Amino acid sequence: MVTCKIKDDFDLLVDGAKTGDGNSLDRLVGIVESKLRSHFLRMTLDIDLTADLVQETMLRMIRSIGRLENTRRFWPWLFRIASNLLKDHYRKSRNRSVTRFSAMAEHNLENVLKDESSKPEKPVLRGELCAMLNTAIASLKEKPRTILAMRCFENMSYAQISTEFGCSEVAVRTTFSRAKKSIKRHLHGQGLQRL
């Protein structure tokens with residue numbers, strides 16, 4: 001029941017922004033900015049590029065929010081804008097496959113491997129696991145890496161991801177499964193057998 005209330009409030013906020021209500025738009029921008037920042041940072045691993053892409057995405061959102069027909073489709077619509085901007089960036093810079101997850105700071109994956117144990121060797125092991133996982137993720141192509149980030153870090157459903165990519169849920173599930181298997185194979189090659 002609470003979830004519906006929150007969703008309804010968000011829908012009202014989007015509707016207000018669509019009609020030009022400045023207060024609603026300001027609140028919406030505040031909510032959108034943090035989600036976009038984490039999304040782009042996971043994809044680019046570049047703080048400056050992330051800031052530019054977030055700003056451009058929000059500008060496009062503000063310009064075209066009045067044309068959004070279905071308020072409940074706001075997030076897929078926004079992430080489609082974000083994905084298109086990222087694709088344009090890679091196309092223009094011609095380094096589409098150069099994004100390196102190995103450049104990711106260790107703390108970005110720390111939550112994935114969090115352990116409350118107080119043993120002194122745990123931070124060292126966690127650091128090594130983060131490095132191995134970064135390398136494994138870096139070996140993925142852009143689309144599987146994006147789907148993996150959306151599913152694991154953004155907690156997006158398969159339906160939301162399929163809407164963004166304009167493909168079936170089955171295709172998204174298959175790509176996600178293959179990405180996980182690829183990471184598992186890579187980690188097995190590094191000596192981690194229990195995954």
# chains A, B, ... in the order shown; residues from 1 in each chain; ligands from 1

call {"tool": "residues_around", "arguments": {"residues": "stretch 81-85 of chain A", "least_positions_apart": "6", "cutoff": "8 Å", "atoms": "only C-alpha atoms", "output": "list in words"}}
result
Leu36, Leu53, Val54, Thr57, Arg60 and Met61 of chain A

call {"tool": "closest_atom_pairs", "arguments": {"of": "stretch 3-64 of chain A", "to": "stretch 152-155 of chain A", "cutoff": "10 Å", "atoms": "only C-alpha atoms", "output": "CSV"}}
result
residue,atom,partner,partner_atom,distance
A:Lys35,CA,A:Glu154,CA,8.2
A:Leu36,CA,A:Glu154,CA,10.0
A:Ser38,CA,A:Glu154,CA,8.4
A:His39,CA,A:Glu154,CA,7.2
A:Arg42,CA,A:Phe153,CA,8.5

call {"tool": "closest_residue", "arguments": {"among": "A:Gln190, A:Gly20, A:Ser168, A:Ala179", "to": "A:Ile137", "atoms": "only C-alpha atoms"}}
result
A:Ala179

call {"tool": "select_by_dssp", "arguments": {"residues": "stretch 136-194 of chain A", "states": "helix (DSSP H, G or I)", "output": "VMD selection string"}}
result
chain A and resid 136 to 138 142 to 152 158 to 165 169 to 189

call {"tool": "write_last_selection", "arguments": {"atoms": "C-alpha atoms", "output": "tab-separated table (two decimals), in the first residue's frame"}}
result
chain	number	residue	atom	x	y	z
A	136	ALA	CA	35.89	-9.60	-15.36
A	137	ILE	CA	33.28	-6.88	-15.92
A	138	ALA	CA	35.69	-4.97	-18.15
A	142	GLU	CA	28.98	-2.57	-23.86
A	143	LYS	CA	25.44	-3.95	-24.06
A	144	PRO	CA	25.91	-6.87	-21.62
A	145	ARG	CA	27.83	-4.57	-19.27
A	146	THR	CA	24.99	-2.01	-19.42
A	147	ILE	CA	22.34	-4.66	-18.77
A	148	LEU	CA	24.40	-6.05	-15.88
A	149	ALA	CA	24.73	-2.57	-14.34
A	150	MET	CA	21.02	-1.82	-14.76
A	151	ARG	CA	19.97	-5.12	-13.26
A	152	CYS	CA	22.50	-5.37	-10.41
A	158	TYR	CA	13.85	-7.17	-16.96
A	159	ALA	CA	10.74	-5.44	-18.34
A	160	GLN	CA	12.20	-1.96	-17.70
A	161	ILE	CA	15.50	-2.90	-19.31
A	162	SER	CA	13.78	-4.45	-22.32
A	163	THR	CA	11.76	-1.26	-22.79
A	164	GLU	CA	14.92	0.81	-22.76
A	165	PHE	CA	16.70	-1.39	-25.28
A	169	GLU	CA	12.45	-9.55	-21.98
A	170	VAL	CA	13.76	-12.92	-23.12
A	171	ALA	CA	16.62	-11.22	-24.96
A	172	VAL	CA	17.49	-9.18	-21.86
A	173	ARG	CA	17.36	-12.27	-19.62
A	174	THR	CA	19.56	-14.18	-22.07
A	175	THR	CA	22.12	-11.36	-22.30
A	176	PHE	CA	22.16	-11.00	-18.50
A	177	SER	CA	22.63	-14.75	-18.04
A	178	ARG	CA	25.46	-14.85	-20.59
A	179	ALA	CA	27.14	-11.86	-18.93
A	180	LYS	CA	27.04	-13.62	-15.55
A	181	LYS	CA	28.45	-16.82	-17.09
A	182	SER	CA	31.21	-14.84	-18.78
A	183	ILE	CA	32.16	-13.20	-15.49
A	184	LYS	CA	32.05	-16.58	-13.75
A	185	ARG	CA	34.35	-18.13	-16.40
A	186	HIS	CA	36.74	-15.21	-16.09
A	187	LEU	CA	36.84	-15.51	-12.29
A	188	HIS	CA	37.30	-19.29	-12.50
A	189	GLY	CA	40.29	-18.60	-14.75

call {"tool": "residues_around", "arguments": {"residues": "A:Gly66", "least_positions_apart": "6", "cutoff": "10 Å", "atoms": "only C-alpha atoms", "output": "PyMOL selection string"}}
result
chain A and resi 14-20

call {"tool": "write_last_selection", "arguments": {"atoms": "C-alpha atoms", "output": "tab-separated table (two decimals), in the first residue's frame"}}
result
chain	number	residue	atom	x	y	z
A	14	VAL	CA	5.98	14.09	-13.10
A	15	ASP	CA	2.53	15.34	-14.14
A	16	GLY	CA	3.25	18.67	-12.44
A	17	ALA	CA	6.59	18.95	-14.25
A	18	LYS	CA	4.86	18.15	-17.56
A	19	THR	CA	2.44	21.04	-17.07
A	20	GLY	CA	5.26	23.48	-16.31

call {"tool": "atom_distance", "arguments": {"atom1": "atom CA of A:Leu12", "atom2": "atom CA of A:Gln55"}}
result
23.4 Å

call {"tool": "closest_residue", "arguments": {"among": "A:Ala51, A:Met43, A:Cys167, A:Ile62", "to": "A:Lys87", "atoms": "only C-alpha atoms"}}
result
A:Met43

call {"tool": "atom_distance", "arguments": {"atom1": "atom CA of A:Ser93", "atom2": "atom CA of A:Leu41"}}
result
17.4 Å
